[in-house]
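Enquirer: Below is the file final_5.pdb, with PDB, C-alpha atoms, pLDDT in the B column.
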ATOM      1  CA  MET A 233     110.928  99.601  80.929  1.00 98.00           C
ATOM      2  CA  LYS A 234     110.701  95.949  81.898  1.00 98.00           C
ATOM      3  CA  LEU A 235     109.837  94.031  85.081  1.00 98.00           C
ATOM      4  CA  THR A 236     110.698  90.335  85.354  1.00 98.00           C
ATOM      5  CA  SER A 237     111.148  87.727  88.060  1.00 98.00           C
ATOM      6  CA  THR A 238     113.495  84.785  88.430  1.00 96.00           C
ATOM      7  CA  ALA A 239     110.702  82.994  90.338  1.00 98.00           C
ATOM      8  CA  PHE A 240     108.097  82.911  87.544  1.00 98.00           C
ATOM      9  CA  LYS A 241     107.535  84.069  83.984  1.00 98.00           C
ATOM     10  CA  ASP A 242     104.863  86.537  82.876  1.00 98.00           C
ATOM     11  CA  ASN A 243     101.378  84.974  82.991  1.00 98.00           C
ATOM     12  CA  GLU A 244     102.682  81.817  84.667  1.00 98.00           C
ATOM     13  CA  ASP A 245     102.191  80.382  88.164  1.00 98.00           C
ATOM     14  CA  ILE A 246     103.720  82.035  91.210  1.00 98.00           C
ATOM     15  CA  PRO A 247     105.480  79.341  93.300  1.00 98.00           C
ATOM     16  CA  SER A 248     103.726  78.657  96.615  1.00 97.00           C
ATOM     17  CA  LYS A 249     106.861  79.820  98.489  1.00 98.00           C
ATOM     18  CA  TYR A 250     105.727  83.404  97.794  1.00 98.00           C
ATOM     19  CA  THR A 251     102.145  82.861  99.006  1.00 98.00           C
ATOM     20  CA  CYS A 252     100.196  82.315 102.223  1.00 97.00           C
ATOM     21  CA  ASP A 253     100.712  78.586 101.668  1.00 97.00           C
ATOM     22  CA  GLY A 254     104.488  78.984 101.796  1.00 97.00           C
ATOM     23  CA  GLU A 255     106.900  81.479 103.322  1.00 97.00           C
ATOM     24  CA  ASN A 256     104.769  84.479 102.247  1.00 97.00           C
ATOM     25  CA  ILE A 257     107.852  86.405 101.069  1.00 98.00           C
ATOM     26  CA  ASN A 258     108.185  88.518  97.940  1.00 98.00           C
ATOM     27  CA  PRO A 259     109.791  87.024  94.837  1.00 98.00           C
ATOM     28  CA  GLU A 260     112.895  88.565  93.338  1.00 98.00           C
ATOM     29  CA  LEU A 261     112.069  91.271  90.798  1.00 98.00           C
ATOM     30  CA  LYS A 262     114.405  92.649  88.125  1.00 98.00           C
ATOM     31  CA  ILE A 263     113.924  96.150  86.760  1.00 98.00           C
ATOM     32  CA  GLU A 264     115.346  97.130  83.370  1.00 98.00           C
ATOM     33  CA  ASN A 265     115.356 100.166  81.083  1.00 98.00           C
ATOM     34  CA  VAL A 266     114.056 102.776  83.511  1.00 98.00           C
ATOM     35  CA  PRO A 267     113.688 106.097  81.642  1.00 98.00           C
ATOM     36  CA  LYS A 268     116.653 108.408  82.252  1.00 97.00           C
ATOM     37  CA  ASN A 269     114.385 111.275  83.323  1.00 98.00           C
ATOM     38  CA  ALA A 270     112.595 109.242  86.013  1.00 98.00           C
ATOM     39  CA  GLU A 271     112.711 110.760  89.510  1.00 98.00           C
ATOM     40  CA  SER A 272     111.105 107.799  91.299  1.00 98.00           C
ATOM     41  CA  LEU A 273     109.449 104.413  90.856  1.00 98.00           C
ATOM     42  CA  VAL A 274     106.188 103.079  92.260  1.00 98.00           C
ATOM     43  CA  LEU A 275     105.546  99.346  92.733  1.00 98.00           C
ATOM     44  CA  ILE A 276     102.008  98.073  93.231  1.00 98.00           C
ATOM     45  CA  MET A 277     100.987  94.430  93.392  1.00 98.00           C
ATOM     46  CA  ASP A 278      97.256  93.826  93.282  1.00 98.00           C
ATOM     47  CA  ASP A 279      94.608  91.187  92.618  1.00 98.00           C
ATOM     48  CA  PRO A 280      91.553  92.186  90.547  1.00 97.00           C
ATOM     49  CA  ASP A 281      89.998  88.697  90.766  1.00 97.00           C
ATOM     50  CA  ILE A 282      88.739  88.854  94.356  1.00 96.00           C
ATOM     51  CA  PRO A 283      85.285  87.359  95.045  1.00 95.00           C
ATOM     52  CA  ASP A 284      82.278  89.478  96.001  1.00 94.00           C
ATOM     53  CA  PHE A 285      82.439  88.575  99.699  1.00 93.00           C
ATOM     54  CA  VAL A 286      85.992  89.993  99.909  1.00 90.00           C
ATOM     55  CA  LYS A 287      84.901  93.135  98.049  1.00 93.00           C
ATOM     56  CA  GLU A 288      82.077  93.597 100.558  1.00 93.00           C
ATOM     57  CA  LYS A 289      84.193  92.783 103.629  1.00 89.00           C
ATOM     58  CA  PHE A 290      86.921  95.315 102.773  1.00 88.00           C
ATOM     59  CA  GLY A 291      84.827  97.746 100.693  1.00 91.00           C
ATOM     60  CA  ILE A 292      87.177  97.367  97.710  1.00 92.00           C
ATOM     61  CA  ASP A 293      87.132  96.180  94.088  1.00 94.00           C
ATOM     62  CA  VAL A 294      90.802  95.134  93.897  1.00 96.00           C
ATOM     63  CA  TYR A 295      92.946  93.665  96.694  1.00 97.00           C
ATOM     64  CA  ASP A 296      96.268  95.451  97.097  1.00 97.00           C
ATOM     65  CA  HIS A 297      99.070  93.121  98.220  1.00 97.00           C
ATOM     66  CA  TRP A 298     102.105  95.409  98.091  1.00 98.00           C
ATOM     67  CA  VAL A 299     102.479  99.162  97.732  1.00 98.00           C
ATOM     68  CA  VAL A 300     105.867 100.960  97.697  1.00 98.00           C
ATOM     69  CA  PHE A 301     106.575 104.440  96.314  1.00 98.00           C
ATOM     70  CA  ASN A 302     109.532 106.817  95.943  1.00 98.00           C
ATOM     71  CA  ILE A 303     111.786 103.907  95.023  1.00 98.00           C
ATOM     72  CA  SER A 304     115.092 105.136  93.570  1.00 98.00           C
ATOM     73  CA  PRO A 305     115.042 105.068  89.748  1.00 98.00           C
ATOM     74  CA  THR A 306     118.508 103.455  89.859  1.00 97.00           C
ATOM     75  CA  THR A 307     117.022 100.333  91.504  1.00 97.00           C
ATOM     76  CA  TYR A 308     117.537  97.350  89.229  1.00 97.00           C
ATOM     77  CA  LEU A 309     116.851  94.478  91.636  1.00 98.00           C
ATOM     78  CA  ILE A 310     114.426  93.847  94.471  1.00 98.00           C
ATOM     79  CA  GLY A 311     115.776  90.755  96.154  1.00 97.00           C
ATOM     80  CA  GLU A 312     113.703  87.870  97.398  1.00 98.00           C
ATOM     81  CA  ASN A 313     112.244  88.650 100.848  1.00 98.00           C
ATOM     82  CA  THR A 314     113.535  92.233 100.571  1.00 96.00           C
ATOM     83  CA  GLU A 315     111.650  95.515 100.658  1.00 92.00           C
ATOM     84  CA  PRO A 316     112.870  98.001  98.052  1.00 94.00           C
ATOM     85  CA  SER A 317     114.271 101.198  99.526  1.00 91.00           C
ATOM     86  CA  GLY A 318     111.384 103.598  99.224  1.00 96.00           C
ATOM     87  CA  ILE A 319     108.306 104.521 101.234  1.00 98.00           C
ATOM     88  CA  ASP A 320     105.879 101.755 102.155  1.00 97.00           C
ATOM     89  CA  GLY A 321     102.197 102.160 101.548  1.00 97.00           C
ATOM     90  CA  LYS A 322      99.462 100.101 103.203  1.00 97.00           C
ATOM     91  CA  ASN A 323      98.012  97.044 101.540  1.00 96.00           C
ATOM     92  CA  SER A 324      94.306  96.145 101.667  1.00 95.00           C
ATOM     93  CA  SER A 325      94.721  94.332 104.982  1.00 91.00           C
ATOM     94  CA  GLY A 326      95.947  97.618 106.490  1.00 93.00           C
ATOM     95  CA  LYS A 327      99.521  96.405 106.821  1.00 95.00           C
ATOM     96  CA  ILE A 328     102.814  97.651 105.466  1.00 96.00           C
ATOM     97  CA  GLY A 329     104.924  95.343 103.325  1.00 95.00           C
ATOM     98  CA  TYR A 330     104.320  92.385 101.079  1.00 97.00           C
ATOM     99  CA  THR A 331     101.346  90.077 101.578  1.00 96.00           C
ATOM    100  CA  GLY A 332     101.434  87.088  99.262  1.00 97.00           C
ATOM    101  CA  PRO A 333      98.659  85.576  97.182  1.00 98.00           C
ATOM    102  CA  CYS A 334      96.000  83.701  99.139  1.00 96.00           C
ATOM    103  CA  PRO A 335      92.969  83.305  96.877  1.00 96.00           C
ATOM    104  CA  PRO A 336      89.960  81.891  98.757  1.00 93.00           C
ATOM    105  CA  ASP A 337      88.142  80.447  95.773  1.00 95.00           C
ATOM    106  CA  ARG A 338      89.984  79.821  92.462  1.00 96.00           C
ATOM    107  CA  GLU A 339      92.998  80.869  90.421  1.00 97.00           C
ATOM    108  CA  HIS A 340      93.650  84.600  90.616  1.00 98.00           C
ATOM    109  CA  ARG A 341      95.900  86.928  88.632  1.00 98.00           C
ATOM    110  CA  TYR A 342      98.418  89.088  90.493  1.00 98.00           C
ATOM    111  CA  PHE A 343      99.613  92.243  88.748  1.00 98.00           C
ATOM    112  CA  PHE A 344     103.045  93.576  89.695  1.00 98.00           C
ATOM    113  CA  LYS A 345     102.867  97.110  88.258  1.00 98.00           C
ATOM    114  CA  LEU A 346     105.901  99.348  88.027  1.00 98.00           C
ATOM    115  CA  TYR A 347     105.573 103.048  87.243  1.00 98.00           C
ATOM    116  CA  ALA A 348     108.348 105.512  86.407  1.00 98.00           C
ATOM    117  CA  LEU A 349     107.429 109.032  87.553  1.00 98.00           C
ATOM    118  CA  ASP A 350     108.855 112.453  86.776  1.00 98.00           C
ATOM    119  CA  ILE A 351     108.519 113.448  90.465  1.00 98.00           C
ATOM    120  CA  LYS A 352     108.899 112.062  93.961  1.00 98.00           C
ATOM    121  CA  LEU A 353     105.551 111.760  95.721  1.00 98.00           C
ATOM    122  CA  ASN A 354     104.987 113.983  98.745  1.00 97.00           C
ATOM    123  CA  LEU A 355     103.021 111.394 100.720  1.00 98.00           C
ATOM    124  CA  PRO A 356     103.554 109.823 104.139  1.00 98.00           C
ATOM    125  CA  GLU A 357     104.377 106.211 104.893  1.00 97.00           C
ATOM    126  CA  GLY A 358     101.190 104.164 105.086  1.00 97.00           C
ATOM    127  CA  SER A 359      99.461 105.932 102.195  1.00 98.00           C
ATOM    128  CA  ILE A 360      97.018 103.692 100.339  1.00 97.00           C
ATOM    129  CA  LYS A 361      97.050 102.866  96.635  1.00 97.00           C
ATOM    130  CA  LYS A 362      94.212 105.254  95.814  1.00 96.00           C
ATOM    131  CA  GLU A 363      96.118 108.206  97.347  1.00 97.00           C
ATOM    132  CA  ILE A 364      99.260 107.228  95.453  1.00 98.00           C
ATOM    133  CA  GLU A 365      97.380 106.877  92.155  1.00 97.00           C
ATOM    134  CA  ILE A 366      95.885 110.355  92.594  1.00 97.00           C
ATOM    135  CA  ALA A 367      99.294 111.873  93.427  1.00 98.00           C
ATOM    136  CA  MET A 368     101.033 110.259  90.443  1.00 97.00           C
ATOM    137  CA  LYS A 369      98.354 111.240  87.909  1.00 95.00           C
ATOM    138  CA  ASN A 370      99.921 113.211  85.025  1.00 97.00           C
ATOM    139  CA  HIS A 371     103.419 112.244  86.276  1.00 98.00           C
ATOM    140  CA  ILE A 372     103.730 108.723  84.802  1.00 98.00           C
ATOM    141  CA  ILE A 373     106.535 108.560  82.243  1.00 98.00           C
ATOM    142  CA  GLU A 374     106.292 104.826  81.658  1.00 98.00           C
ATOM    143  CA  LYS A 375     104.540 101.758  83.087  1.00 98.00           C
ATOM    144  CA  THR A 376     105.227  98.043  82.862  1.00 98.00           C
ATOM    145  CA  GLU A 377     103.702  95.014  84.525  1.00 98.00           C
ATOM    146  CA  LEU A 378     104.372  91.400  85.321  1.00 98.00           C
ATOM    147  CA  ILE A 379     101.440  89.057  85.876  1.00 98.00           C
ATOM    148  CA  GLY A 380     101.598  85.925  88.000  1.00 98.00           C
ATOM    149  CA  LYS A 381      98.845  83.423  88.707  1.00 98.00           C
ATOM    150  CA  TYR A 382      98.076  81.395  91.786  1.00 98.00           C
ATOM    151  CA  LYS A 383      95.497  78.833  92.863  1.00 97.00           C
ATOM    152  CA  ARG A 384      95.600  77.167  96.266  1.00 94.00           C
ATOM    153  CA  LYS A 385      96.022  73.396  96.248  1.00 86.00           C
TER     154      LYS A 385
END
If you convert what's in this file into structure tokens, what do you get?

Expert:
Amino acid sequence: MKLTSTAFKDNEDIPSKYTCDGENINPELKIENVPKNAESLVLIMDDPDIPDFVKEKFGIDVYDHWVVFNISPTTYLIGENTEPSGIDGKNSSGKIGYTGPCPPDREHRYFFKLYALDIKLNLPEGSIKKEIEIAMKNHIIEKTELIGKYKRK
């Protein structure tokens, strides 16, 4: 399984258009080679490089920017500024939908993680990443990720 973007290459800079300094919209994502036996996909975008004051403020170790589950396994493209058809989870700011990079201190890494599952998750809209990770445990067929970097000017 492979996840790529037309906006940036793996381990390269995310254009400011997709951040809090720009339009704050999601970049286009292409999905390839989903396992045939997948029942659903999960997309999580998170930032493990958050500073201590953010960890303390939100009571977290990683900032979740985008959480969507029960995406159809036939999905091959998530268009720019488009939510994939699935169920939206809440990000770390308590909102649904994409929240772009906005690092307060230095360059951060943003992990776009895509999971192929052998089930659909029986969770409500607004579930948080931790709940989704617990529900998908032992059901991950395959995982891929795309990493982008961003530092505010």

Enquirer: Residues of range 250-337 of chain A within 9 Å of range 373-385 of chain A: nearest atom pair and distance (Å, one decimal) for each, counting all atoms listed in the file, sorted by chain and number, as CSV?

Expert:
residue,atom,partner,partner_atom,distance
A:Thr251,CA,A:Tyr382,CA,8.4
A:Asp253,CA,A:Arg384,CA,7.6
A:Val266,CA,A:Glu374,CA,8.2
A:Pro267,CA,A:Glu374,CA,7.5
A:Asn269,CA,A:Ile373,CA,8.4
A:Ala270,CA,A:Ile373,CA,7.2
A:Pro333,CA,A:Tyr382,CA,6.9
A:Cys334,CA,A:Arg384,CA,7.1
A:Pro335,CA,A:Lys383,CA,6.5
A:Pro336,CA,A:Arg384,CA,7.8
A:Asp337,CA,A:Lys383,CA,8.1

Enquirer: Next, dump the selected residues to file, keeping only C-alpha atoms, as an mmCIF file, keeping the file's coordinate frame.

Expert:
data_model
loop_
_atom_site.group_PDB
_atom_site.id
_atom_site.type_symbol
_atom_site.label_atom_id
_atom_site.label_comp_id
_atom_site.auth_asym_id
_atom_site.auth_seq_id
_atom_site.Cartn_x
_atom_site.Cartn_y
_atom_site.Cartn_z
ATOM 1 C CA THR A 251 102.145 82.861 99.006
ATOM 2 C CA ASP A 253 100.712 78.586 101.668
ATOM 3 C CA VAL A 266 114.056 102.776 83.511
ATOM 4 C CA PRO A 267 113.688 106.097 81.642
ATOM 5 C CA ASN A 269 114.385 111.275 83.323
ATOM 6 C CA ALA A 270 112.595 109.242 86.013
ATOM 7 C CA PRO A 333 98.659 85.576 97.182
ATOM 8 C CA CYS A 334 96.000 83.701 99.139
ATOM 9 C CA PRO A 335 92.969 83.305 96.877
ATOM 10 C CA PRO A 336 89.960 81.891 98.757
ATOM 11 C CA ASP A 337 88.142 80.447 95.773
#

Enquirer: Between A:Gly318, A:Asp284, A:Glu365, A:Lys268, single out the one closest to Lys345 in chain A, counting only C-alpha atoms.

Expert: A:Glu365

Enquirer: Work out how far CA of Gly291 in chain A is from CA of Asn313 in chain A, in Å to one decimal.

Expert: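 Answer for the CA of Asn313 in chain A to CA of Gly291 in chain A separation: 28.9 Å.
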
Enquirer: Using all atoms listed in the file, which residue out of A:Ile372, A:Ile328, A:Met277, A:Ile364 lies closest to Tyr342 in chain A?

Expert: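 Checking each candidate against Tyr342 in chain A, we get A:Met277 as the closest.
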
Enquirer: Quick one: pull the distance between CA of Asn256 in chain A and CA of Asp278 in chain A, Å, one decimal.

Expert: 15.0 Å

Enquirer: Would you be able to write out as a PyMOL selection string which residues have an atom within 10 Å of (117.8, 100.0, 93.2) in the file's coordinates, counting all atoms listed in the file?

Expert: chain A and resi 262-263+273+303-311+316-318

Enquirer: Hey, can you pull every residue with an atom no more than 10 Å from (104.5, 103.4, 97.9), using all atoms listed in the file, and send it as a count of residues only?

Expert: 30

Enquirer: Using all atoms listed in the file, which residues sit within 10 Å of Pro283 in chain A once same-chain residues fewer than 3 positions away are excluded, as JSON, numbers by chain?

Expert: {"A": [280, 286, 287, 288, 293, 294, 335, 336, 337, 338, 340]}

Enquirer: Create the file for the chosen residues now, containing C-alpha atoms and written as a short mmCIF file (atom, residue, chain, number, x, y, z; two decimals), in the coordinates of the input.

Expert:
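Now in again-v2.cif:
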data_model
loop_
_atom_site.label_atom_id
_atom_site.label_comp_id
_atom_site.auth_asym_id
_atom_site.auth_seq_id
_atom_site.Cartn_x
_atom_site.Cartn_y
_atom_site.Cartn_z
CA PRO A 280 91.55 92.19 90.55
CA VAL A 286 85.99 89.99 99.91
CA LYS A 287 84.90 93.14 98.05
CA GLU A 288 82.08 93.60 100.56
CA ASP A 293 87.13 96.18 94.09
CA VAL A 294 90.80 95.13 93.90
CA PRO A 335 92.97 83.30 96.88
CA PRO A 336 89.96 81.89 98.76
CA ASP A 337 88.14 80.45 95.77
CA ARG A 338 89.98 79.82 92.46
CA HIS A 340 93.65 84.60 90.62
#

Enquirer: What is the CA of Ala348 in chain A-CA of Glu315 in chain A distance in Å, reported with one decimal?

Expert: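 Value for the CA of Ala348 in chain A-CA of Glu315 in chain A distance: 17.7 Å.
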
Enquirer: Find the smallest box with edges along x, y and z containing every listed atom of range 333-348 of chain A, then add 4 Å on each side and report centre and edge lengths in Å to one decimal, as AutoDock Vina command-line options.

Expert:
--center_x 98.2 --center_y 92.7 --center_z 92.8 --size_x 28.2 --size_y 33.7 --size_z 20.7

Enquirer: Go through A:Ser272, A:Phe344, A:Thr331, A:Gly326 one by one, measure the shortest atom-to-atom distance of each to Phe240 in chain A using all atoms listed in the file, and give the residue with the smallest value.

Expert: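 Among A:Ser272, A:Phe344, A:Thr331, A:Gly326, it is A:Phe344 that comes nearest to Phe240 in chain A.
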
Enquirer: On this file, the PyMOL selection byres ((chain A and resi 233) around 6) gives some set of residues; write that set as a VMD selection string.

Expert: chain A and resid 234 264 to 266

Enquirer: May I have the residues within 7 Å of Tyr250 in chain A as a PDB file with C-alpha atoms, keeping the file's coordinate frame, using all atoms listed in the file and disregarding those fewer than 6 positions away in the same chain?

Expert:
ATOM      1  CA  ASN A 256     104.769  84.479 102.247  1.00 97.00           C
ATOM      2  CA  ILE A 257     107.852  86.405 101.069  1.00 98.00           C
ATOM      3  CA  ASN A 258     108.185  88.518  97.940  1.00 98.00           C
ATOM      4  CA  PRO A 259     109.791  87.024  94.837  1.00 98.00           C
ATOM      5  CA  GLY A 332     101.434  87.088  99.262  1.00 97.00           C
TER       6      GLY A 332
END

Enquirer: Between A:Glu312, A:Glu271, A:Glu255, A:Asp281, which residue has the minimum interatomic distance to Thr238 in chain A, considering all atoms listed in the file?

Expert: A:Glu312

Enquirer: From the list A:Leu261, A:Met368, A:Phe343, A:Leu349, which residue is nearest Leu235 in chain A when using all atoms listed in the file?

Expert: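 Among the listed residues, A:Leu261 lies closest to Leu235 in chain A.
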